[in-house]
$ cat coords.tsv   # TSV, C-alpha atoms
chain	number	residue	atom	x	y	z
W	1171	MET	CA	-6.04	39.55	107.44
W	1172	HIS	CA	-4.32	36.71	109.23
W	1173	ASN	CA	-5.80	33.24	108.80
W	1174	THR	CA	-5.00	30.51	111.28
W	1175	LEU	CA	-5.97	26.88	111.06
W	1176	PRO	CA	-8.24	25.62	113.83
W	1177	ALA	CA	-6.72	23.18	116.27
W	1178	PRO	CA	-6.85	19.56	115.06
W	1179	PRO	CA	-9.44	17.39	116.78
W	1180	PHE	CA	-7.07	15.50	119.10
W	1181	LYS	CA	-5.31	18.53	120.44
W	1182	GLY	CA	-6.77	20.58	123.25
W	1183	MET	CA	-10.21	19.10	123.77
W	1184	GLY	CA	-9.14	15.90	121.99
W	1185	LYS	CA	-6.41	15.25	124.56
W	1186	LEU	CA	-8.93	15.71	127.34
W	1187	ILE	CA	-11.21	13.14	125.69
W	1188	HIS	CA	-8.33	10.63	125.57
W	1189	ILE	CA	-7.55	11.20	129.25
W	1190	VAL	CA	-11.18	10.87	130.33
W	1191	ALA	CA	-11.76	7.72	128.24
W	1192	TRP	CA	-8.69	5.92	129.59
W	1193	GLY	CA	-9.40	7.20	133.11
W	1194	ILE	CA	-12.85	5.61	133.01
W	1195	LEU	CA	-11.40	2.34	131.70
W	1196	PHE	CA	-8.75	2.16	134.42
W	1197	GLY	CA	-11.24	3.19	137.11
W	1198	LEU	CA	-13.74	0.41	136.38
W	1199	PRO	CA	-12.22	-2.03	138.91
W	1200	PHE	CA	-13.25	0.34	141.71
W	1201	PHE	CA	-16.89	0.19	140.64
W	1202	PHE	CA	-17.28	-3.47	139.75
W	1203	THR	CA	-15.76	-5.58	142.50
W	1204	GLY	CA	-18.31	-8.41	142.54
W	1205	ARG	CA	-19.13	-9.79	145.99
W	1206	GLU	CA	-19.05	-7.50	149.00
W	1207	SER	CA	-16.17	-9.52	150.43
W	1208	GLN	CA	-14.08	-8.65	147.40
W	1209	THR	CA	-11.95	-5.58	148.01
W	1210	VAL	CA	-9.63	-3.94	145.56
W	1211	THR	CA	-6.07	-4.74	146.56
W	1212	VAL	CA	-2.88	-3.71	144.83
W	1213	ILE	CA	-2.48	-7.17	143.27
W	1214	SER	CA	-6.11	-7.41	142.14
W	1215	TYR	CA	-5.98	-3.92	140.65
W	1216	VAL	CA	-2.74	-4.62	138.82
W	1217	ARG	CA	-4.25	-7.77	137.38
W	1218	SER	CA	-7.38	-5.88	136.31
W	1219	VAL	CA	-5.47	-3.16	134.42
W	1220	ILE	CA	-3.06	-5.44	132.57
W	1221	VAL	CA	-5.47	-5.88	129.66
W	1222	PRO	CA	-6.38	-2.13	129.42
W	1223	LEU	CA	-2.65	-1.34	129.46
W	1224	SER	CA	-2.11	-3.74	126.58
W	1225	PHE	CA	-5.02	-2.12	124.73
W	1226	MET	CA	-3.38	1.26	125.28
W	1227	LEU	CA	-0.08	-0.09	123.94
W	1228	VAL	CA	-1.72	-1.38	120.76
W	1229	PHE	CA	-3.80	1.79	120.34
W	1230	TYR	CA	-0.98	4.31	120.66
W	1231	ALA	CA	1.59	2.21	118.83
W	1232	ASN	CA	-0.75	2.47	115.87
W	1233	TYR	CA	-1.88	6.04	116.52
W	1234	VAL	CA	1.61	7.52	116.99
W	1235	LEU	CA	3.85	5.27	114.89
W	1236	LEU	CA	2.50	2.54	112.63
W	1237	ILE	CA	-0.28	4.46	110.84
W	1238	ASP	CA	1.99	7.36	109.91
W	1239	HIS	CA	4.97	5.22	108.92
W	1240	PHE	CA	3.20	2.43	107.06
W	1241	LEU	CA	-0.51	2.99	106.35
W	1242	PHE	CA	-0.25	6.63	105.21
W	1243	THR	CA	2.82	5.82	103.11
W	1244	LYS	CA	1.01	3.01	101.23
W	1245	HIS	CA	3.00	0.19	102.88
W	1246	THR	CA	-0.16	-1.66	103.83
W	1247	TRP	CA	1.41	-5.09	104.15
W	1248	LYS	CA	4.02	-3.74	106.59
W	1249	PHE	CA	1.23	-2.16	108.59
W	1250	PHE	CA	-0.70	-5.44	108.90
W	1251	LEU	CA	2.45	-7.46	109.62
W	1252	SER	CA	3.50	-4.99	112.31
W	1253	ASN	CA	0.08	-5.22	113.94
W	1254	ILE	CA	0.16	-9.04	113.90
W	1255	VAL	CA	3.53	-8.97	115.68
W	1256	LEU	CA	2.37	-6.22	118.06
W	1257	ILE	CA	-0.87	-8.00	119.01
W	1258	ALA	CA	0.87	-11.35	119.43
W	1259	ALA	CA	3.48	-9.71	121.68
W	1260	ALA	CA	0.77	-7.93	123.69
W	1261	MET	CA	-1.23	-11.13	124.20
W	1262	GLY	CA	1.89	-13.08	125.14
W	1263	GLY	CA	2.92	-10.36	127.59
W	1264	VAL	CA	-0.53	-10.29	129.18
W	1265	HIS	CA	-0.57	-14.08	129.53
W	1266	LEU	CA	2.92	-14.08	131.07
W	1267	MET	CA	2.05	-11.35	133.58
W	1268	PHE	CA	-1.11	-13.18	134.62
W	1269	GLU	CA	0.99	-16.28	135.26
W	1270	LEU	CA	3.66	-14.41	137.23
W	1271	LEU	CA	1.35	-12.39	139.42
W	1272	PRO	CA	-0.25	-14.14	142.42
W	1273	HIS	CA	-3.95	-14.87	142.18
W	1274	PRO	CA	-6.29	-12.85	144.42
W	1275	GLU	CA	-7.33	-14.59	147.64
W	1276	TRP	CA	-11.01	-14.73	146.59
W	1277	THR	CA	-10.29	-16.65	143.41
W	1278	HIS	CA	-9.95	-20.40	143.15
W	1279	PRO	CA	-7.49	-22.19	140.95
W	1280	ARG	CA	-9.13	-23.47	137.80
W	1281	PRO	CA	-8.47	-26.89	136.30
W	1282	GLU	CA	-6.34	-27.16	133.21
W	1283	LYS	CA	-8.09	-25.76	130.16
W	1284	GLU	CA	-8.79	-27.82	127.14
W	1285	ILE	CA	-6.77	-26.93	124.04
W	1286	GLN	CA	-9.96	-25.85	122.25
W	1287	GLU	CA	-10.79	-23.47	125.10
W	1288	VAL	CA	-7.30	-21.97	125.01
W	1289	ILE	CA	-7.50	-21.45	121.25
W	1290	GLY	CA	-10.95	-19.89	121.57
W	1291	PHE	CA	-9.67	-17.63	124.34
W	1292	PHE	CA	-6.80	-16.37	122.18
W	1293	ILE	CA	-9.05	-15.87	119.14
W	1294	VAL	CA	-11.54	-13.80	121.12
W	1295	ASN	CA	-8.75	-11.69	122.60
W	1296	ALA	CA	-7.11	-11.28	119.20
W	1297	MET	CA	-10.40	-9.94	117.87
W	1298	LEU	CA	-10.52	-7.42	120.71
W	1299	TYR	CA	-7.00	-6.23	119.93
W	1300	LEU	CA	-7.88	-5.95	116.25
W	1301	LEU	CA	-10.87	-3.80	117.20
W	1302	VAL	CA	-8.58	-1.56	119.26
W	1303	ALA	CA	-6.18	-1.24	116.31
W	1304	GLY	CA	-9.10	-0.54	113.98
W	1305	LEU	CA	-10.41	2.13	116.36
W	1306	SER	CA	-6.98	3.76	116.34
W	1307	VAL	CA	-6.95	3.78	112.54
W	1308	ALA	CA	-10.48	5.24	112.39
W	1309	ILE	CA	-9.69	8.04	114.84
W	1310	LYS	CA	-6.35	8.82	113.21
W	1311	MET	CA	-7.80	8.93	109.72
W	1312	THR	CA	-10.72	11.06	110.90
W	1313	GLY	CA	-8.26	13.52	112.43
W	1314	SER	CA	-6.15	13.51	109.27
W	1315	TRP	CA	-9.22	14.10	107.11
W	1316	TYR	CA	-10.33	16.93	109.37
W	1317	GLN	CA	-6.94	18.66	109.09
W	1318	THR	CA	-6.82	18.17	105.32
W	1319	GLU	CA	-10.37	19.45	104.90
W	1320	THR	CA	-9.66	22.44	107.13
W	1321	ALA	CA	-6.52	23.29	105.16
W	1322	ARG	CA	-8.45	22.95	101.89
W	1323	ARG	CA	-11.19	25.26	103.11
W	1324	GLU	CA	-8.65	27.80	104.34
W	1325	LEU	CA	-6.94	27.67	100.95
W	1326	GLU	CA	-10.26	28.19	99.18
W	1327	LYS	CA	-11.08	31.06	101.51
W	1328	SER	CA	-7.71	32.68	100.86
W	1329	ARG	CA	-8.19	32.34	97.12
W	1330	ALA	CA	-11.70	33.78	97.37
W	1331	GLU	CA	-10.42	36.72	99.43
W	1332	ALA	CA	-7.64	37.38	96.92
W	1333	GLU	CA	-10.13	37.20	94.04
W	1334	LEU	CA	-12.54	39.56	95.80
W	1335	GLN	CA	-9.76	42.08	96.34
W	1336	ASN	CA	-8.82	41.80	92.69
W	1337	LEU	CA	-12.45	42.28	91.61
W	1338	LYS	CA	-12.79	45.31	93.84
W	1339	SER	CA	-9.57	46.79	92.47
W	1340	GLN	CA	-11.11	46.41	88.99
W	1341	LEU	CA	-14.39	48.00	90.11
W	1342	ASN	CA	-12.86	51.20	91.53
W	1343	PRO	CA	-11.14	52.40	88.34
W	1344	HIS	CA	-14.14	51.19	86.29
W	1345	PHE	CA	-16.48	53.31	88.38
W	1346	LEU	CA	-14.12	56.28	88.17
W	1347	PHE	CA	-13.75	55.91	84.41
W	1348	ASN	CA	-17.51	55.93	83.83
W	1349	THR	CA	-18.09	58.89	86.14
W	1350	LEU	CA	-15.28	60.97	84.65
W	1351	ASN	CA	-16.63	60.19	81.20
W	1352	ASN	CA	-20.01	61.61	82.23
W	1353	ILE	CA	-18.38	64.74	83.68
W	1354	TYR	CA	-16.35	65.15	80.48
W	1355	SER	CA	-19.59	65.13	78.51
W	1356	LEU	CA	-21.06	67.70	80.90
W	1357	ILE	CA	-18.19	70.16	80.42
W	1358	ALA	CA	-19.18	70.78	76.80
W	1359	PHE	CA	-22.53	72.44	77.60
W	1360	SER	CA	-22.38	73.39	81.31
W	1361	PRO	CA	-18.95	74.10	82.86
W	1362	GLU	CA	-20.60	75.25	86.12
W	1363	ARG	CA	-22.44	71.98	86.53
W	1364	ALA	CA	-19.26	70.14	85.67
W	1365	GLN	CA	-17.50	71.88	88.57
W	1366	GLU	CA	-20.29	70.84	90.94
W	1367	ALA	CA	-20.07	67.32	89.59
W	1368	VAL	CA	-16.34	67.15	90.35
W	1369	HIS	CA	-17.10	68.22	93.94
W	1370	ASP	CA	-19.80	65.54	94.22
W	1371	LEU	CA	-17.43	63.01	92.71
W	1372	SER	CA	-14.89	63.67	95.47
W	1373	ARG	CA	-17.48	62.60	98.07
W	1374	LEU	CA	-18.26	59.46	96.11
W	1375	LEU	CA	-14.61	58.57	95.76
W	1376	ARG	CA	-14.10	58.98	99.50
W	1377	TYR	CA	-16.70	56.26	100.04
W	1378	VAL	CA	-15.35	54.04	97.26
W	1379	LEU	CA	-11.71	54.27	98.36
W	1380	TYR	CA	-12.10	54.21	102.14
W	1381	GLU	CA	-15.44	53.12	103.59
W	1382	SER	CA	-16.08	50.44	100.97
W	1383	SER	CA	-12.76	48.78	101.85
W	1384	GLN	CA	-14.57	47.11	104.77
W	1385	PRO	CA	-16.03	43.60	104.29
W	1386	VAL	CA	-19.52	44.93	104.94
W	1387	VAL	CA	-21.07	48.36	105.40
W	1388	PRO	CA	-24.41	49.44	106.89
W	1389	LEU	CA	-27.09	49.37	104.24
W	1390	GLU	CA	-27.96	53.04	104.78
W	1391	LYS	CA	-24.40	54.13	103.93
W	1392	GLU	CA	-24.53	52.15	100.71
W	1393	LEU	CA	-27.90	53.70	99.89
W	1394	ASP	CA	-26.54	57.21	100.57
W	1395	PHE	CA	-23.72	56.52	98.15
W	1396	ILE	CA	-26.27	55.41	95.51
W	1397	ARG	CA	-28.44	58.50	96.09
W	1398	ASN	CA	-25.42	60.78	95.64
W	1399	TYR	CA	-24.37	58.94	92.52
W	1400	VAL	CA	-27.85	59.14	91.02
W	1401	GLU	CA	-28.01	62.90	91.70
W	1402	LEU	CA	-24.63	63.31	90.03
W	1403	MET	CA	-25.92	61.51	86.96
W	1404	ARG	CA	-29.25	63.37	86.99
W	1405	ILE	CA	-27.69	66.75	86.17
W	1406	ARG	CA	-26.62	65.63	82.70
W	1407	LEU	CA	-29.87	63.91	81.71
W	1408	PRO	CA	-31.65	65.46	78.71
W	1409	GLU	CA	-35.14	66.89	79.21
W	1410	HIS	CA	-36.81	63.99	77.46
W	1411	ALA	CA	-35.32	61.47	79.94
W	1412	ARG	CA	-37.39	60.57	83.02
W	1413	LEU	CA	-35.68	59.34	86.19
W	1414	THR	CA	-37.66	58.02	89.18
W	1415	THR	CA	-36.09	56.62	92.35
W	1416	ALA	CA	-37.47	54.82	95.39
W	1417	ILE	CA	-34.58	54.05	97.75
W	1418	SER	CA	-35.36	53.06	101.33
W	1419	SER	CA	-34.33	50.70	104.12
W	1420	VAL	CA	-36.34	49.15	106.94
W	1421	ASN	CA	-33.26	48.39	109.02
W	1422	PRO	CA	-30.49	50.92	108.15
W	1423	SER	CA	-27.83	48.90	110.02
W	1424	THR	CA	-28.30	45.76	107.94
W	1425	PRO	CA	-24.83	44.63	106.81
W	1426	VAL	CA	-24.30	44.43	103.08
W	1427	ALA	CA	-21.25	43.96	100.87
W	1428	PRO	CA	-20.40	47.36	99.36
W	1429	LEU	CA	-20.62	48.42	95.71
W	1430	LEU	CA	-22.87	45.61	94.51
W	1431	PHE	CA	-25.66	47.78	93.09
W	1432	ILE	CA	-23.54	50.44	91.39
W	1433	SER	CA	-22.77	48.31	88.33
W	1434	LEU	CA	-26.48	47.86	87.62
W	1435	ILE	CA	-27.12	51.58	88.03
W	1436	GLU	CA	-24.18	52.46	85.79
W	1437	ASN	CA	-25.52	50.03	83.22
W	1438	ALA	CA	-28.96	51.68	83.34
W	1439	PHE	CA	-27.53	55.16	82.70
W	1440	LYS	CA	-25.22	53.83	80.02
W	1441	HIS	CA	-27.87	52.00	77.97
W	1442	GLY	CA	-31.10	53.59	79.19
W	1443	VAL	CA	-30.70	57.18	78.00
W	1444	SER	CA	-30.89	58.37	74.41
W	1445	ASN	CA	-29.76	61.79	73.22
W	1446	ASN	CA	-32.79	62.31	71.01
W	1447	LYS	CA	-35.50	59.80	72.00
W	1448	PRO	CA	-37.81	59.58	75.02
W	1449	SER	CA	-36.04	57.63	77.76
W	1450	PHE	CA	-36.69	56.52	81.30
W	1451	ILE	CA	-34.96	54.92	84.29
W	1452	ASP	CA	-36.98	53.55	87.24
W	1453	LEU	CA	-34.77	52.63	90.21
W	1454	ASP	CA	-36.24	50.81	93.22
W	1455	ILE	CA	-34.14	49.56	96.16
W	1456	HIS	CA	-35.89	48.40	99.31
W	1457	GLN	CA	-35.94	45.76	102.06
W	1458	GLU	CA	-38.39	42.94	102.63
W	1459	ASN	CA	-37.62	41.17	105.90
W	1460	GLU	CA	-34.11	39.74	105.44
W	1461	ARG	CA	-34.00	40.47	101.71
W	1462	ILE	CA	-32.53	43.49	99.98
W	1463	ILE	CA	-34.11	43.98	96.56
W	1464	CYS	CA	-32.80	46.16	93.76
W	1465	SER	CA	-35.03	46.45	90.68
W	1466	ILE	CA	-34.14	48.70	87.75
W	1467	ARG	CA	-36.24	49.17	84.62
W	1468	ASN	CA	-35.05	51.43	81.84
W	1469	SER	CA	-35.46	52.12	78.16
W	1470	TYR	CA	-32.93	50.19	76.13
W	1471	PHE	CA	-30.55	51.78	73.65
W	1472	PRO	CA	-27.63	49.39	73.40
W	1473	LYS	CA	-24.37	51.13	72.58
W	1474	ASP	CA	-22.29	50.37	69.53
W	1475	THR	CA	-19.30	48.51	70.96
W	1476	ASP	CA	-17.00	50.10	68.35
W	1477	GLN	CA	-17.96	53.65	69.33
W	1478	ASP	CA	-18.66	53.16	73.01
W	1479	LYS	CA	-16.03	54.85	75.22
W	1480	SER	CA	-17.68	54.38	78.59
W	1481	GLY	CA	-15.88	51.24	79.54
W	1482	SER	CA	-15.33	47.66	78.49
W	1483	GLY	CA	-18.47	46.23	80.12
W	1484	ILE	CA	-16.60	44.47	82.91
W	1485	GLY	CA	-19.05	45.76	85.53
W	1486	LEU	CA	-21.72	43.06	85.20
W	1487	GLN	CA	-19.15	40.27	84.86
W	1488	ASN	CA	-17.45	41.58	87.96
W	1489	LEU	CA	-20.79	41.70	89.80
W	1490	ARG	CA	-21.71	38.11	88.90
W	1491	ARG	CA	-18.41	36.79	90.23
W	1492	ARG	CA	-18.60	38.81	93.44
W	1493	LEU	CA	-22.12	37.51	94.08
W	1494	GLU	CA	-20.93	33.92	93.61
W	1495	LEU	CA	-18.21	34.49	96.22
W	1496	LEU	CA	-20.13	36.65	98.70
W	1497	TYR	CA	-23.69	35.29	98.46
W	1498	PRO	CA	-23.42	31.70	97.20
W	1499	ASN	CA	-26.93	30.26	96.78
W	1500	ARG	CA	-28.24	33.31	98.63
W	1501	HIS	CA	-28.94	35.73	95.83
W	1502	ILE	CA	-31.07	36.15	92.70
W	1503	PHE	CA	-29.58	38.07	89.80
W	1504	SER	CA	-31.03	38.59	86.34
W	1505	CYS	CA	-30.58	41.06	83.54
W	1506	LYS	CA	-32.66	40.83	80.39
W	1507	ALA	CA	-34.07	42.90	77.56
W	1508	GLU	CA	-37.87	43.08	77.37
W	1509	GLY	CA	-38.65	44.52	73.95
W	1510	ASP	CA	-37.43	48.13	73.98
W	1511	ASN	CA	-36.95	48.02	77.75
W	1512	TYR	CA	-34.39	46.45	80.02
W	1513	HIS	CA	-34.92	44.95	83.48
W	1514	SER	CA	-32.24	44.25	86.09
W	1515	LEU	CA	-33.07	42.46	89.33
W	1516	LEU	CA	-30.80	41.70	92.28
W	1517	GLU	CA	-32.04	40.14	95.53
W	1518	LEU	CA	-29.69	39.50	98.45
W	1519	GLN	CA	-30.42	37.21	101.39
W	1520	ALA	CA	-29.16	38.65	104.72
W	1521	SER	CA	-25.41	39.31	105.17
W	1522	PRO	CA	-22.57	37.92	103.00
W	1523	LEU	CA	-20.91	34.61	103.90
W	1524	ILE	CA	-17.31	35.48	103.07
W	1525	ASP	CA	-15.29	38.24	104.69
W	1526	GLN	CA	-13.31	40.20	102.19
$ encode --input "coords.tsv" --output "C-alpha cells"
Amino acid sequence: MHNTLPAPPFKGMGKLIHIVAWGILFGLPFFFTGRESQTVTVISYVRSVIVPLSFMLVFYANYVLLIDHFLFTKHTWKFFLSNIVLIAAAMGGVHLMFELLPHPEWTHPRPEKEIQEVIGFFIVNAMLYLLVAGLSVAIKMTGSWYQTETARRELEKSRAEAELQNLKSQLNPHFLFNTLNNIYSLIAFSPERAQEAVHDLSRLLRYVLYESSQPVVPLEKELDFIRNYVELMRIRLPEHARLTTAISSVNPSTPVAPLLFISLIENAFKHGVSNNKPSFIDLDIHQENERIICSIRNSYFPKDTDQDKSGSGIGLQNLRRRLELLYPNRHIFSCKAEGDNYHSLLELQASPLIDQ
C-alpha cells in the first residue's frame, strides 16, 4: 500500500485563494470610484494600488522568507527587528510614491498637516502593516501545523498498518497450531475422520491465507468460514458435549475485518469441553441494524498452563489489540467467567476505520 501525504493547504486550492483574495483587493478601485464624475485613470489606479502592493510586499516577505528563517528557527528578536525595518521601508516607499505621482484632477491640494496628524497617520498605518504581518504568521503557522499533523497521522497510520500485519501473521500460525492439535487428537480414535478433517482444514486455510488478506471481507464469507470451522471441531466432540449454533446475517455484504471471531470460538472449544464431564458451547452470531454481535456461552474447564499444548493464549490478546486498531471506540468486548460457565461477547459497529 502506498501512502501519500495530502497537498498542503496553500498549494492547489490555497494558491487559488491567494489569487482571488488579492484580485478582489486590487479590483476595488473599479467598484468604488466615489462621484460619478470620477473615472478610473491610470494615475488614479496606480495611486489606489500602492498601499495594497505594500501590503503584499509585507505579507509575502514574511510568508516566504522571514517566518521560515527567523520565527521557526527561534530567532524571535531578528524576526521582529526585520519586520520593523520592513514596515518602515514600506511606509516610507508608499509616502514617497504618493509625493512623486501627480494628484488626480478631481482632488484638491490639502493644507499642510499638523505634526500630530502626521504622527497619527503613521501610527494607524503601522498598525495596519502589523496586522498584515500577523495575518501572514497566522496563515503560515496554520499551514505548518496542518502539514505536521498530517505527517503525524500518516506515521500513526503506517505504524497501525504494520502492527495489524504483524498481529495477523501471529494469528495465522496460531489458528493452524490449534487446528492441527485437534486433528492430532482425532487421529488416535478415528483415522477416517482425521482424513476428512485434513480436507476441511485445507478449505479453511485457503480462506485464512488468501481471502482474509483483504482489509475487509463480506460478512457472509466470514460466517461461512466460522461454520466450516465449527463443523470441523464438532467431529471430535465427546457425546456428553452439547454444541448449538445460531449464525446468520441480515445483510450478507456488510464489510467486516476478517478473523475477529475465530479467537473467541477457539477459546470456547479449548476451555469449554471436558473429556469426562457434561459440557456445552452455545454460539450465536447475528446482526442488529449496523451492529454485528457475537455471543458465546460455554462450560468452563480452564486448562492447566503447565500441561496445555494448544497454544500460548495469544489469541485473545491479539484480538484486543486488533479491535483497538480497527474499531476504536466502536466495539464492545468482554470475556468473563460466570461460576462454572464462561461468557464472551463481541459487538462491532459498522465497518472498520483503518485499512489493513
$ residues_around --input "coords.tsv" --residues "stretch 1434-1436 of chain W" --least-positions-apart "5" --cutoff "9 Å" --atoms "only C-alpha atoms" --output "PyMOL selection string"
chain W and resi 1345+1348-1349+1396+1400+1441+1453+1464+1466+1485-1486+1489+1505+1514-1516
$ atom_distance --input "coords.tsv" --atom1 "atom CA of W:Lys1440" --atom2 "atom CA of W:Arg1376"
23.0 Å
$ residues_around --input "coords.tsv" --residues "W:Leu1374" --least-positions-apart "2" --cutoff "8 Å" --atoms "only C-alpha atoms" --output "number ranges by chain"
W: 1370-1372, 1376-1378, 1395, 1398-1399
$ closest_residue --input "coords.tsv" --among "W:Ile1502, W:Leu1350, W:Ala1427, W:Ala1303" --to "W:Ile1237" --atoms "only C-alpha atoms"
W:Ala1303
$ residues_around --input "coords.tsv" --residues "W:Pro1425" --least-positions-apart "2" --cutoff "9 Å" --atoms "only C-alpha atoms" --output "PyMOL selection string"
chain W and resi 1386-1389+1422-1423+1427+1520-1522
$ closest_residue --input "coords.tsv" --among "W:Asn1445, W:Gln1365, W:Asn1232, W:Thr1243" --to "W:Glu1409" --atoms "only C-alpha atoms"
W:Asn1445
$ residues_around --input "coords.tsv" --residues "W:Tyr1233" --least-positions-apart "5" --cutoff "7 Å" --atoms "only C-alpha atoms" --output "PyMOL selection string"
chain W and resi 1306-1307+1310
$ write_last_selection --input "coords.tsv" --atoms "C-alpha atoms" --output "CSV table (one decimal), in the coordinates of the input"
chain,number,residue,atom,x,y,z
W,1306,SER,CA,-7.0,3.8,116.3
W,1307,VAL,CA,-7.0,3.8,112.5
W,1310,LYS,CA,-6.4,8.8,113.2
$ axis_aligned_box --input "coords.tsv" --around "stretch 1214-1229 of chain W" --padding-each-side "3 Å" --output "lines of an AutoDock Vina configuration file"
center_x = -3.7
center_y = -3.0
center_z = 131.2
size_x = 13.3
size_y = 15.6
size_z = 27.8
$ closest_residue --input "coords.tsv" --among "W:Gly1304, W:Gly1263, W:Pro1272, W:Gly1313" --to "W:Phe1249" --atoms "only C-alpha atoms"
W:Gly1304
$ atom_distance --input "coords.tsv" --atom1 "atom CA of W:Asn1499" --atom2 "atom CA of W:Gln1519"
9.0 Å
$ residues_near_point --input "coords.tsv" --point "(-40.0, 61.0, 80.8)" --cutoff "9 Å" --atoms "only C-alpha atoms" --output "list in words"
Glu1409, His1410, Ala1411, Arg1412, Leu1413, Pro1448, Ser1449, Phe1450 and Ile1451 of chain W
$ atom_distance --input "coords.tsv" --atom1 "atom CA of W:Arg1217" --atom2 "atom CA of W:Val1255"
23.1 Å
$ residues_around --input "coords.tsv" --residues "W:His1265" --least-positions-apart "2" --cutoff "12 Å" --atoms "only C-alpha atoms" --output "number ranges by chain"
W: 1217, 1220-1221, 1224, 1258-1263, 1267-1271, 1288, 1291-1292, 1295
$ closest_residue --input "coords.tsv" --among "W:Leu1430, W:Val1368, W:Leu1227, W:Ile1462" --to "W:Gln1487" --atoms "all atoms listed in the file"
W:Leu1430
